[in-house]
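**Q** Quick one: structure below, then a few questions.
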Amino acid sequence: MNSRVWLLAPALAGLLLAAGCGGRSAPAASGHGPKVTVLTRHLDGVGQVLVTAKGYALYMFEPDNQRSVTCTGACAGSWPPVKVPDGGSYVAGAGVDGKLLGSDPDPEGGQVLTYNGWPLYTYTGDVQPAQATGQAIDLNGGEWYVLRPDGSPLKPTP
Amino acid sequence: MSTPGRRAILLAGGGLAVGAATTGTAWAATGSPAPARDGLPPDDDLMREHGVLKRVLLCYRAMTSQVEAGHPLTAAHVQDAALIIHDFTEGFHEGLEEGYVFPRLRSADPINSTVTGTVSTLLVQHARGRVITQYLLAQAAPVKTGPGGTLSADTSARVSGAMQAFVRMYEPHEAREDTVVFPAFRRIVPAQELADLGQHFADLEQQQFGRDEFTAMVARITAIEQALGSYDLSQFTPSVTPYLPA
């Protein structure tokens with residue numbers, strides 16, 4: 001691994017977790033190349049939420065404001081963005097609304113998968129599938145929440 | 001990522017240069033840390049940041065002793081110490097470990113169950129620590145603060161228990177990282193990559209905080225230690241009278 005690749009390590013972690021592709025205009029569903037799939041799954045403590053194809057919980061970051069990827073640098077080390085590799089596509093699994101899938105540019109390069117405008121991230125604290133240990137954590141400048149299938153963040157009731 | 005180099009940042013920021021000179025002078029008089037960091041390898045940088053964590057753990061211990069002696073905690077002390085962990089340790093330092101160190105170790109030896117098991121435990125501990133920190137900050141929130149800025153006896157006891165759990169976890173955690181994880185990282189990363197990564201860490205720190213945050217954190221923890229009465233290093237020096245030869 002050369003030094004340039006080194007500096008992109010958090011982004012690569014996202015790639016390894018998600019294997020996908022696209023851009024704001026990337027096709028949702030068909031096409032050749034790598035695909036990133038979003039599924040729904042019932043997780044203890046949070047109910048039915050979005051997960052990766054491997055079953056890892058997907059999170060949104062409030063400061064992103066359904067608009068742009070703001071978690072970069074050390075933040076992206078803890079919350080690897082779900083990257084969309086060039087030349088691929090994203091796929092809505094059962095329970096996922098394909099119309100809500102999209103992507104946003106990552107300031108560190110490439111594209112990040114979005115759902116209802118929220119850039120999607122995994123959490124390094126979830127060391128196994130079906131966990132949501134990052135739910136409602138205030139870290140790296142804002143709150144983190146898992147997403148319901150309708151695209152709304154699962155915020156605790158006051 | 002496109003970020004200015006460390007040298008460029010220092011050249012561009014006259015204020016930074018003045019700050020560095022001032023702090024360097026201050027070291028001679030007060031023991032403040034010298035800010036020089038250019039060329040610091042990433043593992044040395046992370047171990048230096050562990051020093052900040054260690055000092056917060058000492059503050060947590062001091063506050064726990066305070067509760068055991070029957071005194072309520074001052075909310076501001078809890079809040080200030082927990083915020084250092086939240087903003088710097090959990091919001092920056094651990095992100096570097098999780099984004100750059102742990103993945104490299106796992107990819108270098110993916111079938112070594114000792115390596116992958118240790119990394120997995122460290123990640124779980126980071127996550128648990130963040131939950132405890134969030135709890136401490138919530139308990140010390142102004143709405144829970146009584147007269148004189150103190151916490152109730154019940155809240156002080158709960159906070160003390162959380163601090164003890166945090167200290168108990170992080171002492172072996174950072175010791176394992178310093179003596180096993182970081183040395184293993186250094187063994188597998190070529191020298192030039194280490195140099196590049198050290199520079200990248202410095203750039204990220206500047207990008208996230210806009211300054212040498214390590215130095216700022218040392219100043220903050222010093223103020224908390226002074227408030228708690230645990231700053232004077234000499235108080236920890238034991239008497240050796242009982243151990244002298246008869």
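Every chain in the structure tokens has a letter given in the order shown (A, B, ...), and although residue numbers restart at 1 in each chain, ligands are simply numbered from 1 in the order shown.
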Residues of chain B near chain A: apply a cut-off of 6 Å, count only C-alpha atoms, and supply the list as a list in words.

**A**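 Matching residues, ligands excluded from the count: Met1, Gly91, Phe92, Gly95, Leu96, Glu98, Gly99, Tyr100, Leu123, Val124, Ala127 and Glu193 of chain B.
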
**Q** Write out as an MDAnalysis selection string which residues come within 9 Å of Val146 in chain A when counting only C-alpha atoms, dropping same-chain ones fewer than 3 positions away.

**A** chainID A and resid 46 49:51 57:60 132 134:136 152:155

**Q** Would you output that residue set with N, CA and C atoms, as a CSV table (one decimal), in the first residue's frame?

**A**
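Wrote it out as selection-v4.csv, contents follow:
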chain,number,residue,atom,x,y,z
A,46,VAL,N,-33.8,-1.1,18.7
A,46,VAL,CA,-34.2,0.0,17.8
A,46,VAL,C,-35.3,-0.4,16.8
A,49,VAL,N,-34.8,-1.2,10.9
A,49,VAL,CA,-33.9,-0.1,10.5
A,49,VAL,C,-33.1,-0.5,9.2
A,50,LEU,N,-32.5,0.4,8.6
A,50,LEU,CA,-31.6,0.1,7.4
A,50,LEU,C,-30.3,-0.5,7.9
A,51,VAL,N,-29.9,-1.5,7.1
A,51,VAL,CA,-28.6,-2.2,7.4
A,51,VAL,C,-27.9,-2.4,6.0
A,57,ALA,N,-25.7,-2.0,11.0
A,57,ALA,CA,-26.6,-0.8,11.1
A,57,ALA,C,-26.1,0.3,10.3
A,58,LEU,N,-27.0,1.1,9.6
A,58,LEU,CA,-26.6,2.3,8.9
A,58,LEU,C,-27.1,3.5,9.7
A,59,TYR,N,-26.3,4.5,9.7
A,59,TYR,CA,-26.5,5.7,10.5
A,59,TYR,C,-26.6,7.0,9.7
A,60,MET,N,-27.3,8.0,10.2
A,60,MET,CA,-27.2,9.3,9.6
A,60,MET,C,-26.6,10.3,10.7
A,132,ALA,N,-26.5,-1.9,17.2
A,132,ALA,CA,-26.7,-0.5,16.9
A,132,ALA,C,-26.1,0.3,18.1
A,134,GLY,N,-24.1,2.7,18.1
A,134,GLY,CA,-23.9,4.1,17.9
A,134,GLY,C,-25.2,4.9,18.0
A,135,GLN,N,-26.3,4.2,18.2
A,135,GLN,CA,-27.6,4.9,18.2
A,135,GLN,C,-27.7,6.0,19.3
A,136,ALA,N,-28.0,7.2,18.8
A,136,ALA,CA,-28.2,8.4,19.7
A,136,ALA,C,-27.0,8.8,20.4
A,152,SER,N,-36.7,8.3,7.9
A,152,SER,CA,-36.6,9.2,9.1
A,152,SER,C,-35.7,8.7,10.1
A,153,PRO,N,-34.9,9.6,10.8
A,153,PRO,CA,-34.0,9.1,11.9
A,153,PRO,C,-34.8,8.7,13.1
A,154,LEU,N,-34.3,7.7,13.7
A,154,LEU,CA,-35.0,7.1,14.9
A,154,LEU,C,-34.5,7.9,16.1
A,155,LYS,N,-35.2,9.0,16.5
A,155,LYS,CA,-34.8,9.8,17.6
A,155,LYS,C,-35.6,9.4,18.8

**Q** Quick one: everything within 10 Å of Asp44 in chain B, counting only C-alpha atoms, minus sequence neighbours fewer than 3 positions away in the same chain. Send it as a PyMOL selection string.

**A** chain B and resi 40-41+47-50+178+182-183+186+198

**Q** Store the residues picked out above, limited to N, CA and C atoms, as a CSV table (one decimal), in the first residue's frame.

**A**
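Everything below was put into result-v1.csv:
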chain,number,residue,atom,x,y,z
B,40,LEU,N,6.8,14.1,14.0
B,40,LEU,CA,6.4,13.1,15.0
B,40,LEU,C,5.7,11.9,14.4
B,41,PRO,N,6.3,10.7,14.6
B,41,PRO,CA,5.6,9.5,13.9
B,41,PRO,C,4.2,9.4,14.5
B,47,MET,N,0.6,8.1,21.3
B,47,MET,CA,1.0,7.8,22.7
B,47,MET,C,1.0,9.1,23.5
B,48,ARG,N,1.4,10.2,22.8
B,48,ARG,CA,1.4,11.5,23.5
B,48,ARG,C,0.0,11.9,23.9
B,49,GLU,N,-0.9,11.6,22.9
B,49,GLU,CA,-2.3,11.9,23.2
B,49,GLU,C,-2.8,11.0,24.4
B,50,HIS,N,-2.3,9.8,24.5
B,50,HIS,CA,-2.6,9.0,25.7
B,50,HIS,C,-2.3,9.6,27.0
B,178,ASP,N,-0.2,1.0,23.8
B,178,ASP,CA,1.1,1.5,23.8
B,178,ASP,C,2.2,0.4,23.7
B,182,PHE,N,0.6,-0.4,19.1
B,182,PHE,CA,1.4,0.6,18.3
B,182,PHE,C,2.7,0.0,17.9
B,183,PRO,N,3.4,-0.7,18.7
B,183,PRO,CA,4.7,-1.4,18.3
B,183,PRO,C,4.4,-2.3,17.1
B,186,ARG,N,4.0,-0.2,14.0
B,186,ARG,CA,5.2,0.4,13.5
B,186,ARG,C,6.1,-0.7,12.8
B,198,GLY,N,2.2,10.5,9.8
B,198,GLY,CA,2.4,11.5,10.9
B,198,GLY,C,2.1,12.9,10.5

**Q** Please determine, counting only C-alpha atoms, which residue among B:Gln79, B:Tyr231, B:Arg158, B:Gln134 has the shortest atom-to-atom distance to Glu143 in chain A.

**A**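 Closest residue, counting only C-alpha atoms: B:Gln134.
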
**Q** May I have the residues within 9 Å of Ala153 in chain B as number ranges by chain, using only C-alpha atoms and disregarding those fewer than 4 positions away in the same chain?

**A** B: 67, 70-73, 157-158

**Q** How about saving the chosen residues, C-alpha atoms kept, as a tab-separated table (two decimals), in the first residue's frame?

**A**
chain	number	residue	atom	x	y	z
B	67	VAL	CA	-17.00	11.22	46.83
B	70	GLY	CA	-18.26	12.25	51.63
B	71	HIS	CA	-17.92	15.39	49.52
B	72	PRO	CA	-20.22	16.16	46.58
B	73	LEU	CA	-18.73	16.70	43.15
B	157	ALA	CA	-22.22	8.56	43.75
B	158	ARG	CA	-23.55	7.54	40.31

**Q** When distances are computed from only C-alpha atoms, which of A:Leu113, A:Ala130, A:Pro63, A:Tyr145 shows the smallest separation from Leu43 in chain A?

**A**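 Checking each candidate against Leu43 in chain A, we get A:Ala130 as the closest.
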
**Q** Within chain A, find each residue whose DSSP state, derived from the backbone, is strand (DSSP E or B), and express the selection as a PyMOL selection string.

**A** chain A and resi 28+35-43+47-52+57+59-61+81+83-84+89-92+101-105+111-115+118-119+121+137-139+142-147+153

**Q** For a quick check of understanding, using only C-alpha atoms, which of B:Ala162, B:Met217, B:Val131, B:Leu194 has the smallest distance to Leu53 in chain B?

**A**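 Of all the options, B:Met217 lies closest to Leu53 in chain B.
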